[in-house]
Structure formats: C-alpha cells, structure tokens
>>> print(open('input31.cif').read())   # mmCIF, C-alpha atoms and all ligand atoms
data_protein
loop_
_atom_site.label_atom_id
_atom_site.label_comp_id
_atom_site.auth_asym_id
_atom_site.auth_seq_id
_atom_site.Cartn_x
_atom_site.Cartn_y
_atom_site.Cartn_z
CA MET A 1 150.77 72.59 92.22
CA PRO A 2 151.98 75.84 93.81
CA THR A 3 155.03 75.82 96.04
CA TYR A 4 154.97 77.07 99.59
CA ARG A 5 156.74 80.33 100.48
CA PRO A 6 157.06 81.06 104.20
CA PRO A 7 155.60 84.36 105.44
CA ALA A 8 158.05 87.10 106.41
CA ILE A 9 156.65 87.44 109.94
CA PRO A 10 156.39 84.20 111.90
CA SER A 11 152.70 83.48 112.48
CA SER A 12 153.45 82.79 116.13
CA GLU A 13 154.24 86.52 116.59
CA ILE A 14 150.87 87.84 115.49
CA THR A 15 148.31 85.10 116.01
CA PRO A 16 146.77 83.36 119.01
CA ARG A 17 148.17 79.89 119.61
CA SER A 18 145.08 77.94 118.50
CA VAL A 19 144.90 79.74 115.14
CA TYR A 20 148.65 79.44 114.69
CA LEU A 21 148.60 75.71 115.30
CA ARG A 22 145.76 75.21 112.82
CA ARG A 23 147.60 77.27 110.23
CA ARG A 24 150.81 75.30 110.74
CA GLU A 25 148.84 72.14 110.15
CA PHE A 26 147.60 73.55 106.83
CA MET A 27 151.00 74.86 105.76
CA GLY A 28 152.52 71.50 106.56
CA LEU A 29 150.08 69.96 104.08
CA VAL A 30 150.89 72.51 101.37
CA ALA A 31 154.64 72.19 101.94
CA GLY A 32 154.35 68.41 101.80
CA ALA A 33 152.41 68.51 98.55
CA GLY A 34 154.97 70.92 97.07
CA LEU A 35 157.84 68.62 97.94
CA ALA A 36 156.10 65.57 96.57
CA LEU A 37 155.18 67.15 93.23
CA GLY A 38 158.18 69.40 92.75
CA ALA A 39 158.37 73.20 92.49
CA GLY A 40 155.91 74.78 90.08
CA GLY A 41 157.20 78.31 90.52
CA ALA A 42 153.79 79.82 91.43
CA ARG A 43 153.25 81.38 94.82
CA ALA A 44 150.78 80.20 97.42
CA GLU A 45 149.85 81.79 100.68
CA ALA A 46 148.03 79.86 103.34
CA PRO A 47 144.33 80.88 103.27
CA ALA A 48 144.79 81.73 106.90
CA THR A 49 142.11 83.14 109.09
CA MET A 50 143.14 86.06 111.30
CA PRO A 51 141.68 87.21 114.61
CA LEU A 52 139.11 90.03 114.33
CA LYS A 53 138.54 92.81 116.80
CA THR A 54 134.83 92.49 117.57
CA VAL A 55 132.19 94.10 119.77
CA PRO A 56 129.08 92.34 121.10
CA GLY A 57 126.18 92.71 118.66
CA PRO A 58 122.45 93.06 119.32
CA TYR A 59 121.29 89.56 118.33
CA LYS A 60 122.27 86.28 120.00
CA VAL A 61 120.19 83.09 119.97
CA ASP A 62 120.53 81.13 123.17
CA GLU A 63 121.15 77.70 121.61
CA PRO A 64 124.31 75.56 121.50
CA LEU A 65 126.76 76.72 118.83
CA THR A 66 127.46 74.41 115.90
CA PRO A 67 131.10 73.30 116.29
CA ARG A 68 133.52 75.33 114.15
CA GLU A 69 134.65 72.09 112.52
CA ASP A 70 131.13 71.50 111.14
CA VAL A 71 130.64 75.14 110.11
CA THR A 72 133.83 75.01 108.03
CA THR A 73 133.61 71.53 106.48
CA TYR A 74 129.89 71.16 105.58
CA ASN A 75 129.35 73.88 102.98
CA ASN A 76 127.53 74.82 99.82
CA PHE A 77 129.80 76.86 97.56
CA TYR A 78 129.48 75.48 94.03
CA GLU A 79 132.38 77.57 92.74
CA PHE A 80 134.53 74.96 94.50
CA GLY A 81 132.40 71.90 93.67
CA THR A 82 128.99 70.48 94.52
CA ASP A 83 129.95 68.11 97.35
CA LYS A 84 129.56 69.45 100.90
CA ALA A 85 133.26 68.68 101.52
CA ASP A 86 134.51 70.31 98.28
CA PRO A 87 134.65 73.93 99.53
CA SER A 88 136.93 73.10 102.46
CA ARG A 89 139.07 70.69 100.43
CA ARG A 90 139.35 72.60 97.16
CA SER A 91 139.53 76.31 98.13
CA GLY A 92 143.21 76.38 99.14
CA ASP A 93 144.30 78.36 96.05
CA PHE A 94 141.65 81.06 96.48
CA LYS A 95 143.11 84.47 97.40
CA PRO A 96 140.60 86.61 99.29
CA ARG A 97 143.04 89.47 99.94
CA PRO A 98 143.44 92.17 98.78
CA TRP A 99 139.75 92.55 97.86
CA THR A 100 137.47 95.34 96.74
CA ILE A 101 133.70 95.52 96.62
CA THR A 102 131.95 97.98 94.28
CA VAL A 103 128.61 99.49 95.29
CA ASP A 104 126.87 101.21 92.39
CA GLY A 105 123.63 101.61 90.46
CA LEU A 106 120.86 103.91 91.67
CA VAL A 107 122.96 105.69 94.30
CA GLY A 108 124.20 109.23 94.82
CA LYS A 109 127.79 108.19 95.56
CA PRO A 110 128.91 104.99 93.82
CA GLN A 111 132.14 103.74 95.38
CA THR A 112 134.64 100.91 95.46
CA PHE A 113 135.63 99.85 98.96
CA ASP A 114 138.69 97.96 100.19
CA VAL A 115 137.34 95.23 102.46
CA ASP A 116 140.13 95.49 105.03
CA LYS A 117 139.58 99.27 105.26
CA LEU A 118 135.88 98.63 105.92
CA ILE A 119 136.84 96.12 108.62
CA ALA A 120 139.15 98.66 110.23
CA GLU A 121 136.62 101.47 110.04
CA LEU A 122 133.28 99.87 110.97
CA PRO A 123 132.54 98.21 114.33
CA ILE A 124 132.63 94.45 113.67
CA GLU A 125 129.89 92.85 115.76
CA GLU A 126 129.46 89.32 116.99
CA ARG A 127 125.95 88.02 116.31
CA ILE A 128 124.82 84.46 116.96
CA TYR A 129 122.33 83.48 114.27
CA ARG A 130 120.23 80.42 113.54
CA MET A 131 120.90 79.44 109.91
CA ARG A 132 118.44 77.24 107.99
CA CYS A 133 119.30 75.69 104.63
CA VAL A 134 116.64 74.87 102.05
CA GLU A 135 117.89 71.26 102.28
CA ALA A 136 116.34 71.10 105.79
CA TRP A 137 119.48 71.23 107.90
CA SER A 138 120.47 74.03 110.22
CA MET A 139 123.34 75.45 112.24
CA VAL A 140 123.87 78.07 114.95
CA ILE A 141 126.80 80.26 113.92
CA PRO A 142 128.63 83.09 115.69
CA TRP A 143 129.07 85.49 112.76
CA ASN A 144 131.21 88.60 112.80
CA GLY A 145 130.14 91.43 110.55
CA PHE A 146 128.33 94.73 110.18
CA PRO A 147 124.82 95.67 109.09
CA LEU A 148 124.47 95.75 105.28
CA LYS A 149 122.69 99.07 105.90
CA ALA A 150 125.97 100.62 107.12
CA LEU A 151 127.51 100.07 103.68
CA LEU A 152 124.40 101.06 101.71
CA ASP A 153 124.09 104.32 103.67
CA LYS A 154 127.61 105.30 102.53
CA VAL A 155 126.56 105.32 98.86
CA GLU A 156 123.26 107.16 99.46
CA PRO A 157 120.55 105.11 97.66
CA LEU A 158 118.25 107.16 95.40
CA GLY A 159 114.47 107.15 95.79
CA SER A 160 114.19 105.11 92.59
CA ALA A 161 116.18 102.17 94.09
CA LYS A 162 113.81 99.34 95.04
CA PHE A 163 116.05 96.24 95.10
CA VAL A 164 119.66 95.30 95.83
CA ALA A 165 121.56 92.95 93.49
CA PHE A 166 124.66 91.00 94.65
CA GLU A 167 127.36 89.31 92.60
CA THR A 168 130.08 86.75 93.48
CA VAL A 169 133.59 86.83 92.03
CA VAL A 170 134.41 84.79 88.89
CA ARG A 171 137.90 83.25 89.06
CA PRO A 172 138.09 79.91 87.25
CA GLU A 173 141.85 79.82 87.87
CA GLU A 174 141.26 79.76 91.65
CA MET A 175 137.82 78.14 91.81
CA PRO A 176 137.84 74.56 90.49
CA GLY A 177 134.04 74.41 90.26
CA GLN A 178 134.18 77.22 87.67
CA SER A 179 136.80 75.51 85.51
CA GLY A 180 135.86 71.82 85.56
CA TYR A 181 134.22 69.93 82.71
CA PHE A 182 130.92 69.89 84.62
CA GLN A 183 129.61 73.40 85.32
CA PRO A 184 126.76 73.15 87.84
CA MET A 185 125.36 76.65 87.19
CA PRO A 186 126.06 79.83 85.21
CA TRP A 187 128.52 82.28 86.77
CA PRO A 188 128.61 84.66 88.42
CA TYR A 189 126.40 83.45 91.28
CA VAL A 190 123.90 86.28 91.85
CA GLU A 191 121.36 87.15 94.54
CA GLY A 192 118.90 89.88 95.41
CA LEU A 193 116.94 91.46 98.22
CA ARG A 194 114.17 94.04 98.32
CA LEU A 195 115.65 97.33 99.59
CA ASP A 196 113.66 97.25 102.85
CA GLU A 197 114.89 93.70 103.53
CA ALA A 198 118.45 94.81 102.83
CA MET A 199 118.09 97.73 105.24
CA HIS A 200 116.76 95.51 108.06
CA PRO A 201 119.18 95.43 111.04
CA LEU A 202 119.29 91.59 110.97
CA ALA A 203 120.80 91.55 107.45
CA ILE A 204 124.58 91.64 107.76
CA LEU A 205 127.69 91.44 105.65
CA ALA A 206 129.79 88.86 107.46
CA VAL A 207 133.57 89.17 107.41
CA GLY A 208 134.25 86.49 110.00
CA LEU A 209 133.01 83.63 112.15
CA TYR A 210 134.08 82.40 115.54
CA GLY A 211 136.08 85.65 116.00
CA GLU A 212 138.34 85.15 112.97
CA THR A 213 138.21 86.31 109.34
CA LEU A 214 136.06 84.08 107.12
CA PRO A 215 137.62 80.86 105.86
CA ASN A 216 137.53 80.61 102.05
CA GLN A 217 134.82 77.94 102.13
CA ASN A 218 132.45 80.21 104.07
CA GLY A 219 132.68 83.06 101.55
CA ALA A 220 135.89 84.98 102.23
CA PRO A 221 136.40 87.81 102.55
CA ILE A 222 132.81 89.11 102.67
CA ARG A 223 129.40 87.45 102.30
CA LEU A 224 125.74 88.12 102.96
CA VAL A 225 123.90 86.62 105.96
CA VAL A 226 120.09 86.96 106.15
CA PRO A 227 119.00 84.70 109.01
CA TRP A 228 115.24 84.63 108.29
CA LYS A 229 115.83 83.33 104.76
CA TYR A 230 117.07 79.97 103.46
CA GLY A 231 120.84 79.64 103.27
CA PHE A 232 121.10 80.05 99.52
CA LYS A 233 120.34 83.78 99.87
CA GLY A 234 123.69 84.13 101.72
CA ILE A 235 125.81 84.90 98.64
CA LYS A 236 129.55 84.48 99.20
CA SER A 237 132.75 86.27 98.12
CA ILE A 238 130.87 89.37 96.93
CA VAL A 239 132.53 91.76 94.46
CA ARG A 240 129.58 93.95 93.46
CA ILE A 241 126.40 95.29 95.04
CA SER A 242 124.07 97.27 92.76
CA LEU A 243 120.96 99.23 93.67
CA VAL A 244 118.32 98.64 91.01
CA GLU A 245 114.69 99.40 90.22
CA GLN A 246 113.47 95.95 89.11
CA GLN A 247 113.64 92.64 91.03
CA PRO A 248 117.06 91.19 90.10
CA PRO A 249 117.66 87.54 89.16
CA ASN A 250 118.90 85.07 91.79
CA SER A 251 120.92 82.03 90.74
CA TRP A 252 118.87 79.20 92.23
CA ASN A 253 115.61 80.70 91.01
CA SER A 254 117.00 81.06 87.47
CA LEU A 255 118.10 77.42 87.59
CA GLN A 256 114.91 75.90 89.05
CA ALA A 257 112.14 78.44 89.67
CA SER A 258 109.63 75.87 90.94
CA GLU A 259 111.95 74.97 93.85
CA TYR A 260 113.63 78.24 94.78
CA GLY A 261 111.85 81.57 94.90
CA PHE A 262 113.09 85.14 95.16
CA TYR A 263 111.90 85.66 98.73
CA ALA A 264 113.04 82.30 100.16
CA ASN A 265 111.76 83.13 103.64
CA VAL A 266 112.06 80.20 106.04
CA ASN A 267 108.49 78.93 106.35
CA PRO A 268 107.53 75.55 107.89
CA GLU A 269 104.11 75.77 106.19
CA VAL A 270 105.37 76.07 102.62
CA ASP A 271 107.04 72.86 101.52
CA HIS A 272 109.82 72.50 99.00
CA PRO A 273 108.27 70.54 96.08
CA ARG A 274 110.44 67.53 96.90
CA TRP A 275 110.39 67.54 100.72
CA SER A 276 108.70 68.98 103.80
CA GLN A 277 110.07 72.15 105.40
CA ALA A 278 108.29 71.50 108.73
CA THR A 279 111.37 70.14 110.51
CA GLU A 280 115.13 70.46 110.26
CA ARG A 281 118.25 68.56 111.31
CA ARG A 282 120.66 70.56 113.47
CA ILE A 283 124.16 69.77 112.22
CA GLY A 284 126.58 68.57 114.89
CA GLN A 285 123.86 67.45 117.32
CA GLY A 286 123.14 63.81 116.65
CA GLY A 287 121.56 62.08 113.66
CA PHE A 288 118.01 61.70 112.48
CA PHE A 289 116.83 59.95 115.65
CA GLY A 290 118.97 62.02 117.98
CA SER A 291 118.35 65.50 119.35
CA GLY A 292 119.29 66.99 115.97
CA ARG A 293 115.75 66.88 114.50
CA ARG A 294 113.58 69.84 115.51
CA PRO A 295 110.60 71.85 114.26
CA THR A 296 111.38 74.68 111.88
CA LEU A 297 110.26 78.09 113.13
CA MET A 298 108.40 80.71 111.07
CA PHE A 299 110.97 83.10 109.59
CA ASN A 300 113.54 80.82 111.27
CA GLY A 301 112.54 82.25 114.68
CA TYR A 302 112.86 85.91 113.62
CA ALA A 303 109.11 86.52 113.04
CA ASP A 304 108.88 89.27 115.69
CA GLU A 305 111.57 91.20 113.88
CA VAL A 306 110.70 90.66 110.21
CA ALA A 307 107.05 89.55 109.75
CA SER A 308 105.95 93.16 109.20
CA LEU A 309 108.11 93.33 106.03
CA TYR A 310 105.64 90.89 104.43
CA ALA A 311 102.33 92.20 105.75
CA GLY A 312 99.57 91.52 103.21
CA MET A 313 101.79 89.33 101.00
CA ASP A 314 100.81 85.79 100.02
CA LEU A 315 103.84 83.82 101.24
CA LYS A 316 102.77 80.71 99.34
CA ALA A 317 102.81 82.57 96.02
CA ASN A 318 105.89 84.58 97.02
CA TYR A 319 107.99 81.66 98.28
N1 LIG B 1 128.70 82.27 95.59
C1 LIG B 1 127.97 81.33 96.21
N2 LIG B 1 127.31 81.65 97.33
C2 LIG B 1 126.58 80.71 97.98
C3 LIG B 1 126.45 79.40 97.46
C4 LIG B 1 127.16 79.08 96.27
O1 LIG B 1 127.13 77.95 95.75
N3 LIG B 1 127.92 80.07 95.68
N4 LIG B 1 125.65 78.47 98.12
C5 LIG B 1 124.58 79.01 98.99
C6 LIG B 1 123.94 78.00 99.82
S1 LIG B 1 122.89 76.91 99.03
C7 LIG B 1 124.08 77.95 101.20
S2 LIG B 1 123.18 76.87 102.14
C8 LIG B 1 125.04 78.86 101.90
C9 LIG B 1 125.98 78.04 102.76
O2 LIG B 1 126.84 78.87 103.49
P1 LIG B 1 127.89 78.20 104.50
O3 LIG B 1 128.68 77.23 103.70
O4 LIG B 1 128.73 79.32 105.05
O5 LIG B 1 127.10 77.51 105.57
O6 LIG B 1 125.83 79.61 100.97
C10 LIG B 1 125.09 80.15 99.88
N5 LIG B 1 125.93 81.07 99.14
MO MO B 2 121.55 75.92 100.75
#
>>> encode(input="input31.cif", output="structure tokens")
Amino acid sequence: MPTYRPPAIPSSEITPRSVYLRRREFMGLVAGAGLALGAGGARAEAPATMPLKTVPGPYKVDEPLTPREDVTTYNNFYEFGTDKADPSRRSGDFKPRPWTITVDGLVGKPQTFDVDKLIAELPIEERIYRMRCVEAWSMVIPWNGFPLKALLDKVEPLGSAKFVAFETVVRPEEMPGQSGYFQPMPWPYVEGLRLDEAMHPLAILAVGLYGETLPNQNGAPIRLVVPWKYGFKGIKSIVRISLVEQQPPNSWNSLQASEYGFYANVNPEVDHPRWSQATERRIGQGGFFGSGRRPTLMFNGYADEVASLYAGMDLKANY
C-alpha cells in the first residue's frame, strides 16, 4: 500500500472549491489507509482531476445530463476489473501523467505527442453526447475534447491508409485487472475505425468530462468517444494510434464475434444475440418502470450526421 505524500502547492491555491473538496476527501482515504497499513515507501499522488479551459463545441443534445456521480462510478474498464464499480474503486494507483500518445503507420509524419501539450495547444471543446452501451443502458455526458481529425491531420495520413487502429496502455502494476489470477481478455485492449469514420467531426478524443480532466475510471488521460456507436468502441487510456490498410482487430469482436461486430453502430433494429436493442435504460433517471426506459434511436440519434457513411451497406451483416 503506497504512502501519501502531500503536494508541494496546496490544492486550494489552484483548484475550484468543489474539486478541491472532492480531492481532499480522496486524499483523506489514502492517508488513512497508509496510516493503518504502515509506510510502504512507494509514492502515490491523488488521481486528481483538474479544471480544463474549454470552449463551447458544435454538438449538444438537449436532454438532462447524467449526474457526474453516475458517470464516474458505473464504468466498463476491464483493466481495473469486470464489475461496474471496479474502475472507480480500483484505479487509485494509476498514473495518467505524464503521458504520450504515438501516432504512426501509413502517415507522412509519424509523431509522439505529449497529451498535456496537445491540451494546451488545441481548443478543448465541450460537447454533450448521448452514449449508448451494448448492454442497453445509456447516459448523457458533457465531454471535453477535440476532434480526432485534428490529431490525424498533424501526421498527414497517406492515400493507402484505410483504417485507424487504437491501443490501450498495458500496466499490470497499476491496473489490477491486468495482474489478477482471472484475466478477462487479452491485453492490450484494441479498437478500430474506418478512416472516414475517424475523420467525422462527431468522433472526438476526450480529455475531460464535466469541465475537468478525465478521472482514471473514464479513460484518463485520453480516450475515444464515437457517439453513434456502442460504448465499447470508446477505447480508454490510449497510447498508440496507427493508420493501417486492413481492418484492424477490436477486442470484443476477437473475444466473441457473434455478439460484437467491427462497426457496432447503434441500431434498434439489429438485436444483440442475447437481448433486444430496441430500448435502453437511461442511467440516473429511475429504474425499469420509471422514466429511465426509452426507445433507442437509429445511430443513437445521430443519423442525420452519419447515415451517409454507410450508404449501400447491409447493417445487419455489418453489425
Ligand atoms: N481500455 C478499455 N477501454 C474500454 C473498455 C475496457 O474494458 N477497456 N470498455 C468499453 C466499454 S464496454 C464501454 S461501455 C465504455 C465505457 O466508458 P465509460 O466508463 O466512460 O462510460 O468504455 C469502453 N472502453
Ligand atoms: Mo459497453
């Protein structure tokens, strides 16, 4: 168990009061655990979120936001465990800073970027997106990020690039789901998009939510958000993005191809083999019989924007 070392600058000097109070709560927990178990000598910094300077973005759904508490405690991030509560409970040792992300493959200018330099350099937008998980629940989340296209343009994709492959970090020493006896899937977690999907203005790399840097459990420090696709496409804690010619593997498809496709477009007419995708439960808005249950929209409500990407494609075969 790591011991707690106080930061050099008091958090109260640099952070809004609400964030500061939340962080103090967390550090109190860590300090308490350290005292109880004795000093281990290792360092630990609070996985604190920090305020982000953001500008209004072009997309905002006009539906009630899912409370921050739900967004940060009901997560899928198997690197920290398979229970929805595991990522928030077991990601305290994960260190998302400093962090680099390498963009390579079929590009004119392969580069490695420091995430905080990207955040300082690119306008960080606020976009309110409907998110729909393949497990038939949904949320409305105020993401902060920038178009994936802004990063891809920097490396100058070659004409031969047809797909984009994404890769999550592997750190068994910080990610208990990667070091336990039971390994739920092979690592690294990988995902892919067709290049035209990746270049669509709705596809973003998120670096924050609710105006603060991403909490560890939501994919700190940088993760993909593609709001017309099921949640599993939103790969977290990305360390590499490669432009490739062939369709790359994606983790859930490799694990269970009959249940999870490459495209994974939200589609109320194409059921998951084990349940209907016609309706969804909105997290944080009442239970099954409450207002939480609602019809699922084609492309999660983004059909006007993205349907043309799939013109002429059989969406039942390409699920
Ligand atoms: N690296 C990694 N990324 C991941 C996952 C994962 O287990 N590992 N789970 C996916 C799934 S199934 C979902 S629904 C979303 C959940 O994102 P959220 O916890 O921010 O809502 O993350 C996706 N990205
Ligand atoms: Mo998911």
>>> axis_aligned_box(input="input31.cif", around="ligand LIG 1 (chain B)", padding_each_side="4 Å", output="AutoDock Vina command-line options")
--center_x 125.8 --center_y 79.6 --center_z 100.6 --size_x 13.8 --size_y 13.4 --size_z 18.0
>>> residues_near_ligand(input="input31.cif", ligand="ligand LIG 1 (chain B)", cutoff="7 Å", atoms="only C-alpha atoms and all ligand atoms", output="ChimeraX atom specification")
/A:71,74-79,133-134,168,189,217-219,230-237
>>> closest_residue(input="input31.cif", among="A:Met139, A:Leu193, A:Val170, A:Leu209", to="ligand MO 2 (chain B)", atoms="all atoms listed in the file")
A:Met139
>>> closest_residue(input="input31.cif", among="A:Leu214, A:Met185, A:Leu202, A:Leu243", to="A:Asp153", atoms="all atoms listed in the file")
A:Leu243
>>> atom_distance(input="input31.cif", atom1="atom CA of A:Met313", atom2="atom CA of A:Asn265")
12.0 Å
>>> residues_near_point(input="input31.cif", point="(110.3, 76.2, 116.4)", cutoff="10 Å", atoms="all atoms listed in the file", output="PyMOL selection string")
chain A and resi 268+278-280+294-301
